[in-house]
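Source file: coords33.tsv. Holds: TSV, C-alpha atoms and all ligand atoms.
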chain	number	residue	atom	x	y	z
A	1	MET	CA	6.74	-63.44	74.17
A	2	VAL	CA	4.42	-66.10	72.87
A	3	LEU	CA	6.16	-68.75	75.01
A	4	GLY	CA	6.25	-66.51	78.09
A	5	LYS	CA	9.14	-66.21	80.50
A	6	TYR	CA	11.25	-69.31	81.15
A	7	THR	CA	14.64	-69.90	82.71
A	8	ASP	CA	15.53	-72.88	80.51
A	9	VAL	CA	13.96	-75.17	77.92
A	10	MET	CA	15.07	-78.74	77.28
A	11	THR	CA	14.08	-82.25	76.29
A	12	VAL	CA	13.52	-84.54	79.26
A	13	ARG	CA	12.19	-87.94	80.29
A	14	ALA	CA	11.87	-89.89	83.52
A	15	THR	CA	14.46	-92.58	84.16
A	16	ASP	CA	11.87	-94.87	85.83
A	17	LYS	CA	10.67	-97.10	82.97
A	18	ALA	CA	7.54	-98.32	84.80
A	19	LEU	CA	6.47	-94.74	85.49
A	20	LEU	CA	7.16	-93.83	81.86
A	21	ARG	CA	4.82	-96.58	80.69
A	22	GLN	CA	1.97	-95.14	82.78
A	23	SER	CA	2.58	-91.53	81.81
A	24	GLN	CA	1.53	-89.63	78.73
A	25	ASP	CA	4.89	-88.38	77.46
A	26	GLY	CA	8.12	-88.14	79.48
A	27	GLY	CA	6.45	-88.66	82.87
A	28	ILE	CA	7.39	-85.13	83.92
A	29	VAL	CA	4.25	-84.12	85.83
A	30	THR	CA	4.01	-87.35	87.82
A	31	SER	CA	7.73	-87.39	88.65
A	32	LEU	CA	7.78	-83.73	89.69
A	33	PHE	CA	4.76	-84.09	91.98
A	34	ILE	CA	6.29	-87.14	93.66
A	35	GLN	CA	9.59	-85.30	94.07
A	36	ALA	CA	7.76	-82.24	95.47
A	37	LEU	CA	5.81	-84.43	97.89
A	38	GLU	CA	8.91	-86.22	99.08
A	39	ASN	CA	10.92	-82.97	99.45
A	40	GLY	CA	8.13	-81.22	101.38
A	41	VAL	CA	7.51	-78.65	98.64
A	42	ILE	CA	3.83	-79.73	98.62
A	43	GLU	CA	1.63	-81.82	100.93
A	44	GLY	CA	-0.70	-82.87	98.11
A	45	ALA	CA	-1.57	-82.09	94.51
A	46	VAL	CA	-4.81	-81.61	92.64
A	47	VAL	CA	-4.77	-83.97	89.66
A	48	ALA	CA	-7.27	-85.42	87.13
A	49	MET	CA	-8.22	-88.79	88.54
A	50	PRO	CA	-9.99	-91.48	86.48
A	51	THR	CA	-13.52	-92.36	87.62
A	52	ASP	CA	-15.88	-95.28	86.96
A	53	GLU	CA	-16.89	-93.55	83.72
A	54	PRO	CA	-14.02	-94.26	81.28
A	55	TRP	CA	-12.07	-91.13	80.24
A	56	ASN	CA	-14.20	-88.79	82.36
A	57	PRO	CA	-11.84	-87.77	85.18
A	58	GLN	CA	-12.63	-85.72	88.25
A	59	PRO	CA	-10.34	-83.34	90.16
A	60	TYR	CA	-8.76	-85.22	93.07
A	61	VAL	CA	-6.47	-84.26	95.95
A	62	ALA	CA	-3.60	-86.78	95.77
A	63	THR	CA	-1.51	-86.96	98.92
A	64	THR	CA	0.57	-90.08	98.20
A	65	PRO	CA	2.89	-91.10	95.32
A	66	GLU	CA	0.49	-93.99	94.57
A	67	GLU	CA	-2.43	-91.58	94.06
A	68	ILE	CA	-0.30	-89.29	91.89
A	69	ILE	CA	0.69	-92.25	89.71
A	70	ALA	CA	-2.94	-93.41	89.48
A	71	ALA	CA	-3.82	-90.04	87.91
A	72	ALA	CA	-1.03	-90.09	85.29
A	73	GLY	CA	-1.90	-89.77	81.60
A	74	THR	CA	-3.75	-87.20	79.53
A	75	LYS	CA	-7.52	-87.13	79.44
A	76	TYR	CA	-8.78	-84.90	76.62
A	77	VAL	CA	-11.71	-83.71	78.69
A	78	LEU	CA	-12.48	-80.67	80.82
A	79	CYS	CA	-11.43	-81.39	84.38
A	80	PRO	CA	-11.85	-78.31	86.61
A	81	ASN	CA	-8.91	-78.88	88.97
A	82	VAL	CA	-9.23	-75.33	90.33
A	83	ASN	CA	-12.55	-76.34	91.95
A	84	MET	CA	-10.72	-78.77	94.21
A	85	VAL	CA	-8.07	-76.32	95.43
A	86	LYS	CA	-10.44	-74.90	98.05
A	87	MET	CA	-11.23	-78.39	99.28
A	88	ALA	CA	-7.50	-79.22	99.46
A	89	ALA	CA	-7.08	-76.31	101.87
A	90	ARG	CA	-10.31	-76.49	103.85
A	91	GLU	CA	-11.19	-80.19	104.02
A	92	TYR	CA	-7.75	-81.79	103.63
A	93	GLY	CA	-6.10	-79.02	105.68
A	94	LEU	CA	-3.14	-78.75	103.30
A	95	ASP	CA	-0.86	-75.73	103.73
A	96	LYS	CA	1.23	-76.44	100.62
A	97	ILE	CA	-0.88	-77.33	97.59
A	98	GLY	CA	0.20	-78.35	94.10
A	99	MET	CA	-2.02	-78.35	91.02
A	100	VAL	CA	-1.63	-79.45	87.41
A	101	GLY	CA	-3.45	-77.79	84.58
A	102	MET	CA	-3.33	-76.20	81.19
A	103	HIS	CA	-3.33	-72.43	80.68
A	104	CYS	CA	-6.97	-71.82	81.66
A	105	LEU	CA	-6.45	-73.53	85.04
A	106	THR	CA	-3.03	-72.14	85.98
A	107	TYR	CA	-4.10	-68.67	84.87
A	108	ALA	CA	-7.19	-68.89	87.09
A	109	VAL	CA	-5.01	-69.69	90.10
A	110	ARG	CA	-2.63	-66.83	89.38
A	111	LYS	CA	-5.60	-64.45	89.06
A	112	MET	CA	-6.93	-65.70	92.38
A	113	GLN	CA	-3.52	-65.00	93.92
A	114	LEU	CA	-3.63	-61.44	92.60
A	115	TYR	CA	-7.30	-60.78	93.42
A	116	PRO	CA	-8.05	-63.07	96.38
A	117	PHE	CA	-11.71	-62.07	96.78
A	118	GLY	CA	-13.55	-64.82	98.61
A	119	ALA	CA	-10.44	-67.02	98.59
A	120	ARG	CA	-9.35	-66.43	102.19
A	121	HIS	CA	-5.93	-67.95	103.01
A	122	LEU	CA	-5.88	-69.88	99.73
A	123	PRO	CA	-3.45	-67.84	97.63
A	124	ASN	CA	-0.54	-68.35	100.01
A	125	ARG	CA	-1.09	-72.07	100.10
A	126	MET	CA	-0.55	-72.57	96.37
A	127	ALA	CA	2.99	-73.96	96.45
A	128	LEU	CA	3.42	-75.44	92.96
A	129	LEU	CA	1.68	-75.05	89.62
A	130	LEU	CA	2.63	-77.54	86.91
A	131	GLY	CA	1.44	-76.41	83.50
A	132	ILE	CA	0.69	-78.68	80.54
A	133	PHE	CA	0.69	-77.51	76.93
A	134	CYS	CA	-2.79	-77.40	75.39
A	135	THR	CA	-4.13	-76.58	71.94
A	136	GLU	CA	-7.78	-77.45	72.61
A	137	ASN	CA	-10.05	-79.58	74.73
A	138	PHE	CA	-13.44	-81.30	74.66
A	139	HIS	CA	-16.53	-81.89	76.76
A	140	TYR	CA	-17.01	-85.51	77.74
A	141	GLU	CA	-19.81	-86.00	75.20
A	142	GLY	CA	-17.49	-84.60	72.53
A	143	ILE	CA	-14.55	-86.91	73.19
A	144	LYS	CA	-16.92	-89.88	73.48
A	145	ALA	CA	-18.41	-89.02	70.08
A	146	ILE	CA	-14.93	-88.60	68.55
A	147	VAL	CA	-13.74	-91.97	69.82
A	148	GLU	CA	-16.92	-93.88	69.05
A	149	GLU	CA	-18.01	-92.21	65.81
A	150	LEU	CA	-14.72	-91.18	64.19
A	151	HIS	CA	-12.32	-93.85	65.50
A	152	ARG	CA	-15.12	-96.45	65.71
A	153	VAL	CA	-13.81	-97.66	69.08
A	154	ASN	CA	-15.86	-98.31	72.22
A	155	ILE	CA	-14.58	-95.77	74.77
A	156	GLU	CA	-14.42	-98.52	77.40
A	157	GLN	CA	-11.71	-100.20	75.33
A	158	VAL	CA	-9.44	-97.16	75.04
A	159	LYS	CA	-6.05	-97.56	76.71
A	160	LYS	CA	-4.46	-94.28	75.63
A	161	MET	CA	-5.32	-91.21	73.57
A	162	ASP	CA	-2.70	-89.02	72.00
A	163	VAL	CA	-2.40	-86.17	69.53
A	164	SER	CA	0.68	-86.21	67.32
A	165	LYS	CA	1.64	-84.96	63.86
A	166	GLY	CA	-1.88	-83.85	62.97
A	167	LYS	CA	-3.53	-87.13	64.05
A	168	MET	CA	-5.63	-88.07	67.06
A	169	ILE	CA	-4.49	-91.55	67.97
A	170	VAL	CA	-6.46	-94.04	70.04
A	171	SER	CA	-4.69	-97.16	71.35
A	172	THR	CA	-6.97	-99.92	72.59
A	173	THR	CA	-6.74	-102.56	75.29
A	174	MET	CA	-6.82	-105.14	72.43
A	175	GLY	CA	-3.56	-103.71	71.01
A	176	ASP	CA	-5.12	-101.80	68.08
A	177	ARG	CA	-4.09	-98.28	67.09
A	178	VAL	CA	-6.61	-96.10	65.25
A	179	GLU	CA	-5.78	-92.64	63.87
A	180	VAL	CA	-8.02	-89.87	62.56
A	181	PRO	CA	-6.94	-86.43	61.29
A	182	VAL	CA	-7.19	-83.87	64.10
A	183	LYS	CA	-9.06	-81.53	61.75
A	184	LEU	CA	-12.04	-83.90	61.88
A	185	THR	CA	-12.34	-83.29	65.62
A	186	HIS	CA	-12.58	-79.50	65.38
A	187	ASN	CA	-16.38	-79.38	65.47
A	188	TYR	CA	-16.26	-81.02	68.89
A	189	VAL	CA	-13.81	-78.55	70.49
A	190	GLN	CA	-15.27	-76.53	73.38
A	191	PRO	CA	-15.85	-73.02	71.99
A	192	GLY	CA	-13.83	-71.26	74.72
A	193	CYS	CA	-10.66	-72.89	73.41
A	194	PHE	CA	-10.80	-70.81	70.23
A	195	VAL	CA	-10.50	-67.66	72.36
A	196	CYS	CA	-7.64	-69.08	74.43
A	197	PRO	CA	-4.25	-67.51	73.53
A	198	ASP	CA	-1.71	-69.56	75.47
A	199	LEU	CA	-0.31	-72.92	74.33
A	200	THR	CA	2.35	-73.40	76.98
A	201	ALA	CA	0.69	-72.43	80.28
A	202	ARG	CA	2.88	-69.39	80.72
A	203	THR	CA	1.80	-68.73	84.31
A	204	ALA	CA	2.94	-72.12	85.66
A	205	ASP	CA	6.08	-72.73	87.75
A	206	ILE	CA	7.12	-75.36	85.20
A	207	SER	CA	5.45	-76.07	81.86
A	208	THR	CA	5.68	-79.27	79.88
A	209	GLY	CA	4.28	-80.92	76.76
A	210	SER	CA	5.26	-83.14	73.88
A	211	ILE	CA	5.65	-80.49	71.18
A	212	GLY	CA	9.33	-79.92	70.39
A	213	SER	CA	10.64	-83.26	71.65
A	214	PRO	CA	10.76	-86.82	70.23
A	215	ASP	CA	8.10	-89.43	71.12
A	216	GLY	CA	8.41	-90.59	74.72
A	217	TRP	CA	10.25	-87.41	75.73
A	218	SER	CA	8.87	-84.05	76.89
A	219	THR	CA	9.75	-80.42	76.41
A	220	VAL	CA	10.22	-78.87	79.85
A	221	MET	CA	10.29	-75.15	80.70
A	222	PRO	CA	11.04	-74.19	84.30
A	223	ARG	CA	9.77	-70.63	84.70
A	224	THR	CA	9.98	-69.49	88.32
A	225	GLN	CA	12.52	-69.97	91.12
A	226	VAL	CA	10.22	-72.60	92.67
A	227	GLY	CA	10.09	-74.43	89.35
A	228	LYS	CA	13.79	-74.13	88.69
A	229	ASP	CA	14.74	-75.46	92.15
A	230	LEU	CA	12.32	-78.37	92.00
A	231	PHE	CA	13.40	-79.39	88.51
A	232	GLN	CA	17.08	-79.20	89.45
A	233	SER	CA	16.48	-81.31	92.57
A	234	ALA	CA	14.85	-83.99	90.38
A	235	VAL	CA	17.77	-83.94	87.93
A	236	ASP	CA	20.27	-84.14	90.81
A	237	ALA	CA	18.36	-87.11	92.25
A	238	GLY	CA	18.65	-88.97	88.91
A	239	ILE	CA	14.87	-88.84	88.31
A	240	PHE	CA	15.26	-87.31	84.85
A	241	GLU	CA	17.58	-87.62	81.89
A	242	THR	CA	17.88	-84.39	79.92
A	243	LYS	CA	19.26	-83.22	76.59
A	244	PRO	CA	19.24	-79.88	74.77
A	245	ILE	CA	16.08	-79.24	72.79
A	246	ASP	CA	16.43	-79.39	69.00
A	247	PRO	CA	16.57	-75.73	67.91
A	248	GLY	CA	15.23	-76.66	64.45
A	249	LYS	CA	11.94	-77.40	62.76
A	250	PHE	CA	10.91	-80.33	64.98
A	251	GLY	CA	12.05	-78.60	68.19
A	252	MET	CA	11.95	-74.96	69.25
A	253	GLU	CA	10.87	-73.79	65.83
A	254	MET	CA	7.78	-76.01	65.92
A	255	LEU	CA	6.96	-75.03	69.51
A	256	THR	CA	7.22	-71.32	68.74
A	257	ASN	CA	5.24	-71.63	65.49
A	258	LEU	CA	2.40	-73.60	67.08
A	259	ALA	CA	2.26	-71.22	70.06
A	260	GLN	CA	2.07	-68.28	67.64
A	261	LYS	CA	-0.65	-70.06	65.65
A	262	LYS	CA	-2.74	-70.49	68.79
A	263	TRP	CA	-2.18	-66.85	69.72
A	264	ASP	CA	-3.28	-65.71	66.24
A	265	ARG	CA	-6.37	-67.95	66.39
A	266	SER	CA	-7.35	-66.23	69.64
A	267	VAL	CA	-6.91	-62.75	68.18
A	268	LYS	CA	-8.97	-63.69	65.10
A	269	THR	CA	-11.74	-65.30	67.17
A	270	ARG	CA	-11.97	-62.30	69.48
A	271	GLN	CA	-12.20	-59.96	66.49
A	272	GLU	CA	-14.98	-62.05	64.96
A	273	ARG	CA	-16.87	-62.11	68.26
A	274	ALA	CA	-16.52	-58.34	68.69
A	275	GLU	CA	-17.83	-57.77	65.14
A	276	ILE	CA	-21.09	-59.55	65.94
A	277	GLY	CA	-21.40	-57.97	69.40
A	278	LEU	CA	-20.39	-60.96	71.53
A	279	PRO	CA	-18.46	-60.31	74.74
A	280	ASN	CA	-14.80	-61.26	75.03
A	281	PRO	CA	-13.10	-62.39	78.23
A	282	PHE	CA	-10.09	-60.09	77.65
A	301	LIG	C1	-6.72	-81.35	77.04
A	301	LIG	C2	-5.23	-81.48	76.82
A	301	LIG	C3	-4.67	-81.03	75.63
A	301	LIG	C4	-3.29	-81.13	75.42
A	301	LIG	N1	-2.78	-80.66	74.24
A	301	LIG	C5	-1.43	-80.71	74.05
A	301	LIG	C6	-0.85	-80.21	72.85
A	301	LIG	O1	-1.54	-79.69	71.98
A	301	LIG	N2	0.51	-80.30	72.71
A	301	LIG	C7	1.31	-80.85	73.69
A	301	LIG	O2	2.54	-80.93	73.51
A	301	LIG	N3	0.79	-81.31	74.83
A	301	LIG	C8	-0.56	-81.26	75.03
A	301	LIG	N4	-1.09	-81.74	76.20
A	301	LIG	C9	-0.17	-82.21	77.26
A	301	LIG	C10	0.26	-83.66	77.09
A	301	LIG	O3	-0.80	-84.46	76.60
A	301	LIG	C11	0.73	-84.23	78.45
A	301	LIG	O4	-0.30	-84.07	79.43
A	301	LIG	C12	1.96	-83.52	78.97
A	301	LIG	O5	3.01	-83.63	78.00
A	301	LIG	C13	2.43	-84.12	80.30
A	301	LIG	O6	2.91	-85.42	80.07
A	301	LIG	P1	3.63	-86.20	81.23
A	301	LIG	O7	4.04	-87.55	80.72
A	301	LIG	O8	4.66	-85.32	81.86
A	301	LIG	O9	2.41	-86.29	82.26
A	301	LIG	P2	1.93	-87.43	83.22
A	301	LIG	O10	3.05	-87.77	84.15
A	301	LIG	O11	1.26	-88.50	82.45
A	301	LIG	O12	0.82	-86.63	84.06
A	301	LIG	C14	-0.23	-85.95	83.43
A	301	LIG	C15	-0.91	-85.12	84.51
A	301	LIG	O13	-1.90	-84.31	83.91
A	301	LIG	C16	-3.12	-84.46	84.60
A	301	LIG	N5	-4.21	-84.33	83.63
A	301	LIG	C17	-4.55	-85.22	82.67
A	301	LIG	N6	-5.60	-84.78	81.98
A	301	LIG	C18	-5.94	-83.59	82.52
A	301	LIG	C19	-6.98	-82.67	82.25
A	301	LIG	N7	-7.88	-82.87	81.29
A	301	LIG	N8	-7.05	-81.56	83.00
A	301	LIG	C20	-6.16	-81.33	84.00
A	301	LIG	N9	-5.15	-82.17	84.30
A	301	LIG	C21	-5.05	-83.30	83.56
A	301	LIG	C22	-3.04	-85.85	85.19
A	301	LIG	O14	-3.88	-86.00	86.32
A	301	LIG	C23	-1.57	-85.97	85.56
A	301	LIG	O15	-1.30	-85.44	86.84
A	301	LIG	C24	-2.46	-81.69	76.42
A	301	LIG	C25	-3.04	-82.13	77.62
A	301	LIG	C26	-4.41	-82.02	77.84
A	301	LIG	C27	-5.00	-82.49	79.16
A	302	LIG	S1	-7.31	-74.48	74.79
A	302	LIG	FE1	-7.13	-73.02	76.48
A	302	LIG	S2	-9.24	-72.89	77.32
A	302	LIG	FE2	-9.11	-74.77	76.09
A	302	LIG	S3	-8.61	-76.34	77.61
A	302	LIG	FE3	-6.69	-75.64	76.60
A	302	LIG	S4	-5.89	-74.08	77.96
A	302	LIG	FE4	-8.04	-74.39	78.51

Starting from the coordinates I provided, produce the structure as structure tokens.
Ligand SMILES: Cc1cc2nc3c(=O)[nH]c(=O)nc-3n(C[C@H](O)[C@H](O)[C@H](O)COP(=O)(O)OP(=O)(O)OC[C@H]3O[C@@H](n4cnc5c(N)ncnc54)[C@H](O)[C@@H]3O)c2cc1C
Ligand code: SF4
Amino acid sequence: MVLGKYTDVMTVRATDKALLRQSQDGGIVTSLFIQALENGVIEGAVVAMPTDEPWNPQPYVATTPEEIIAAAGTKYVLCPNVNMVKMAAREYGLDKIGMVGMHCLTYAVRKMQLYPFGARHLPNRMALLLGIFCTENFHYEGIKAIVEELHRVNIEQVKKMDVSKGKMIVSTTMGDRVEVPVKLTHNYVQPGCFVCPDLTARTADISTGSIGSPDGWSTVMPRTQVGKDLFQSAVDAGIFETKPIDPGKFGMEMLTNLAQKKWDRSVKTRQERAEIGLPNPF
């Protein structure tokens, strides 16, 4: 239950080495959006595009493979992709829209599809939701403080950020790699994340993240018929190499345990809020 409904779960990476280098993990999101664009499943996708302010992305409607590639990589910052969905329909005139997001974003879209108040024509245009695993996230000021005060790195010199094995890792343009324990970053987490129950974006068409697979690979969970068909088309086209996920403590066991841990954190936080009279979102 804690991982939601899925049709399959496996370890996957893109076969395109250049794309892999630009992506966060196995290049799953970028590859799937390009495949969906080229197969006519979507006409564009809302992604988190870098801006002039380093590591402070903005939602962006990407309509070409080049734009999708330019938005690859994880930014540990709030990026409200849902806001741009309306613009994708109204200003870009897209009939088939894709979007990437963690649980809070994919869930918002699914709710909109169920209760389409004020979202005229939008629900039917959502053609593909790619979900990314997420434990927690930060405001821009928070991630800037983490990088500059904990890692002691100028944010302008950050090439990649990653979270792995209890460490937040910053790789710099100068070739340095600086790690700090993730527990030191907890004071900077946006408070809403402690209420959030879902690690694996259970309402997406396909979910993916690094937990459960070796470095450079991704865990991939197609969940709906749309997701299953798209993923299979990418495998058939040679875009991905796949292998069974490790059922043991570094694979499915770890994924299930961490998902359960996030679920339990949400229950505990909601109880604590209720005890002091604070409202809960669900
Ligand atoms: C805040 C955050 C927390 C995460 N926490 C975990 C975790 O705890 N465990 C885990 O296994 N994985 C986590 N992930 C997911 C992981 O970092 C990768 O994004 C995921 O594995 C996809 O990798 P990829 O190589 O397939 O993606 P890529 O091909 O590199 O594409 C990544 C896509 O995500 C979009 N994106 C990047 N940042 C954001 C953002 N802030 N908001 C919305 N969209 C964004 C990009 O625009 C791009 O389209 C987290 C991601 C984020 C954004
Ligand atoms: S922890 Fe939940 S609320 Fe916070 S960014 Fe991730 S999915 Fe959204």

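CA of Arg110 (chain A) to CA of Trp263 (chain A) spans 19.7 Å [interatomic distance, one decimal].
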
Which is closer to ligand LIG 302 (chain A) than all the others in A:Ala88, A:Val178, A:Ala45, A:Cys196, using all atoms listed in the file?
-> A:Cys196

Which residues come within 10 Å of Gly142 (chain A), counting all atoms listed in the file, excluding same-chain residues fewer than 2 positions away, as a list in words?
->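 Counting all atoms listed in the file, the residues come to Tyr76, Val77, Asn137, Phe138, His139, Tyr140, Lys144, Ala145, Ile146, Val147, Glu148, Thr185, Asn187, Tyr188, Val189 and Gln190 of chain A.
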
Output C-alpha atoms for every residue in the selection just made, as a compact mmCIF listing (two decimals), in the frame of the given file.
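part_37.txt was written with the following content:
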# COMPACT_ATOMS: atom_id res chain seq x y z
CA TYR A 76 -8.78 -84.90 76.62
CA VAL A 77 -11.71 -83.71 78.69
CA ASN A 137 -10.05 -79.58 74.73
CA PHE A 138 -13.44 -81.30 74.66
CA HIS A 139 -16.53 -81.89 76.76
CA TYR A 140 -17.01 -85.51 77.74
CA LYS A 144 -16.92 -89.88 73.48
CA ALA A 145 -18.41 -89.02 70.08
CA ILE A 146 -14.93 -88.60 68.55
CA VAL A 147 -13.74 -91.97 69.82
CA GLU A 148 -16.92 -93.88 69.05
CA THR A 185 -12.34 -83.29 65.62
CA ASN A 187 -16.38 -79.38 65.47
CA TYR A 188 -16.26 -81.02 68.89
CA VAL A 189 -13.81 -78.55 70.49
CA GLN A 190 -15.27 -76.53 73.38

Which protein, DNA or RNA residues are at most 6 Å from (-4.4, -75.1, 78.2) in the file's coordinates when you count only C-alpha atoms, listed as a ChimeraX atom specification?
-> /A:102-104,133-134

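From atom FE3 of ligand LIG 302 (chain A) back to CA of Asp198 (chain A), the distance works out to 7.9 Å.
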
Atom-to-atom span, CA of Ile42 (chain A) and CA of Val29 (chain A), Å |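 Value for the CA of Ile42 (chain A)-CA of Val29 (chain A) distance: 13.5 Å.
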
Taking (0.8, -93.4, 90.4) in the file's coordinates as the center, which residues reach within 12 Å of it, counting all atoms listed in the file, put as a PyMOL selection string?
-> chain A and resi 18-23+27+29-34+47-50+62-73

Any chance you could work out the axis-aligned box around ligand LIG 301 (chain A), listed atoms only, 5 Å on each side, giving centre and edge lengths in Å to one decimal, as AutoDock Vina command-line options?
--center_x -1.6 --center_y -84.1 --center_z 79.4 --size_x 22.5 --size_y 18.8 --size_z 24.9

Among listed residues A:Gly227, A:Gly44, A:Pro59, A:Gly192, nearest Arg270 (chain A) (using all atoms listed in the file) =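 Counting all atoms listed in the file, the residue closest to Arg270 (chain A) is A:Gly192.
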
Which residues come within 12 Å of Val163 (chain A), counting all atoms listed in the file, excluding same-chain residues fewer than 4 positions away, as a list in words?
-> Gln24, Asp25, Thr74, Lys75, Tyr76, Phe133, Cys134, Thr135, Glu136, Asn137, Lys167, Met168, Ile169, Val170, Ser171, Val178, Glu179, Val180, Pro181, Val182, Lys183, Thr185, Gly209, Ser210, Ile211 and Asp215 of chain A

So which one's closest to Ala237 (chain A), A:Leu255, A:Met1, A:Ser164, A:Asp16? Using all atoms listed in the file, please.
-> A:Asp16

Residues near Met174 (chain A), cut-off 12 Å, only C-alpha atoms, skip fewer than 6 positions along chain, as JSON, numbers by chain = {"A": [153, 154, 156, 157, 158, 159, 160]}

Kindly save the residues from that selection, with C-alpha atoms included, as a PDB file, in the frame of the given file.
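Once everything was written out, this is out04.pdb:
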ATOM      1  CA  VAL A 153     -13.810 -97.660  69.080  1.00  0.00           C
ATOM      2  CA  ASN A 154     -15.860 -98.310  72.220  1.00  0.00           C
ATOM      3  CA  GLU A 156     -14.420 -98.520  77.400  1.00  0.00           C
ATOM      4  CA  GLN A 157     -11.710-100.200  75.330  1.00  0.00           C
ATOM      5  CA  VAL A 158      -9.440 -97.160  75.040  1.00  0.00           C
ATOM      6  CA  LYS A 159      -6.050 -97.560  76.710  1.00  0.00           C
ATOM      7  CA  LYS A 160      -4.460 -94.280  75.630  1.00  0.00           C
TER       8      LYS A 160
END

Selection near Arg223 (chain A), 6 Å with all atoms listed in the file, sequence-local residues under 5 positions removed, as a list of chain:residue names |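 Contacts, in chain order: A:Tyr6, A:Thr7, A:Asp205, A:Ile206.
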
Could you save those same residues with C-alpha atoms as a PDB file, in the coordinates of the input?
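Listing of result-v8.pdb after writing:
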ATOM      1  CA  TYR A   6      11.250 -69.310  81.150  1.00  0.00           C
ATOM      2  CA  THR A   7      14.640 -69.900  82.710  1.00  0.00           C
ATOM      3  CA  ASP A 205       6.080 -72.730  87.750  1.00  0.00           C
ATOM      4  CA  ILE A 206       7.120 -75.360  85.200  1.00  0.00           C
TER       5      ILE A 206
END

For Ala204 (chain A), please output as a PyMOL selection string all residues within 9 Å (counting all atoms listed in the file; exclusion window: fewer than 4 positions along the same chain).
-> chain A and resi 100-103+106-107+110+128-132+200+222-224+227

Output file for the residues above (C-alpha atoms, as an mmCIF file, keeping the file's coordinate frame):
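Generated file (selection-v2.cif):
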data_model
loop_
_atom_site.group_PDB
_atom_site.id
_atom_site.type_symbol
_atom_site.label_atom_id
_atom_site.label_comp_id
_atom_site.auth_asym_id
_atom_site.auth_seq_id
_atom_site.Cartn_x
_atom_site.Cartn_y
_atom_site.Cartn_z
ATOM 1 C CA VAL A 100 -1.630 -79.450 87.410
ATOM 2 C CA GLY A 101 -3.450 -77.790 84.580
ATOM 3 C CA MET A 102 -3.330 -76.200 81.190
ATOM 4 C CA HIS A 103 -3.330 -72.430 80.680
ATOM 5 C CA THR A 106 -3.030 -72.140 85.980
ATOM 6 C CA TYR A 107 -4.100 -68.670 84.870
ATOM 7 C CA ARG A 110 -2.630 -66.830 89.380
ATOM 8 C CA LEU A 128 3.420 -75.440 92.960
ATOM 9 C CA LEU A 129 1.680 -75.050 89.620
ATOM 10 C CA LEU A 130 2.630 -77.540 86.910
ATOM 11 C CA GLY A 131 1.440 -76.410 83.500
ATOM 12 C CA ILE A 132 0.690 -78.680 80.540
ATOM 13 C CA THR A 200 2.350 -73.400 76.980
ATOM 14 C CA PRO A 222 11.040 -74.190 84.300
ATOM 15 C CA ARG A 223 9.770 -70.630 84.700
ATOM 16 C CA THR A 224 9.980 -69.490 88.320
ATOM 17 C CA GLY A 227 10.090 -74.430 89.350
#

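Considering the residues A:Glu53, A:Asp162, A:Asp264, A:Glu149 and counting only C-alpha atoms and all ligand atoms, ligand LIG 301 (chain A) has its shortest atom-to-atom contact with A:Asp162.
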
Among the residues A:His186, A:Arg177, A:His121, A:Lys96, the one that comes closest to ligand LIG 302 (chain A) [using only C-alpha atoms and all ligand atoms] =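 Answer, going by the shortest atom-to-atom distance: A:His186.
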
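Of the listed residues (A:Cys79, A:Ala14, A:Leu114, A:Val235), A:Cys79 comes nearest to ligand LIG 301 (chain A); the distances count all atoms listed in the file.
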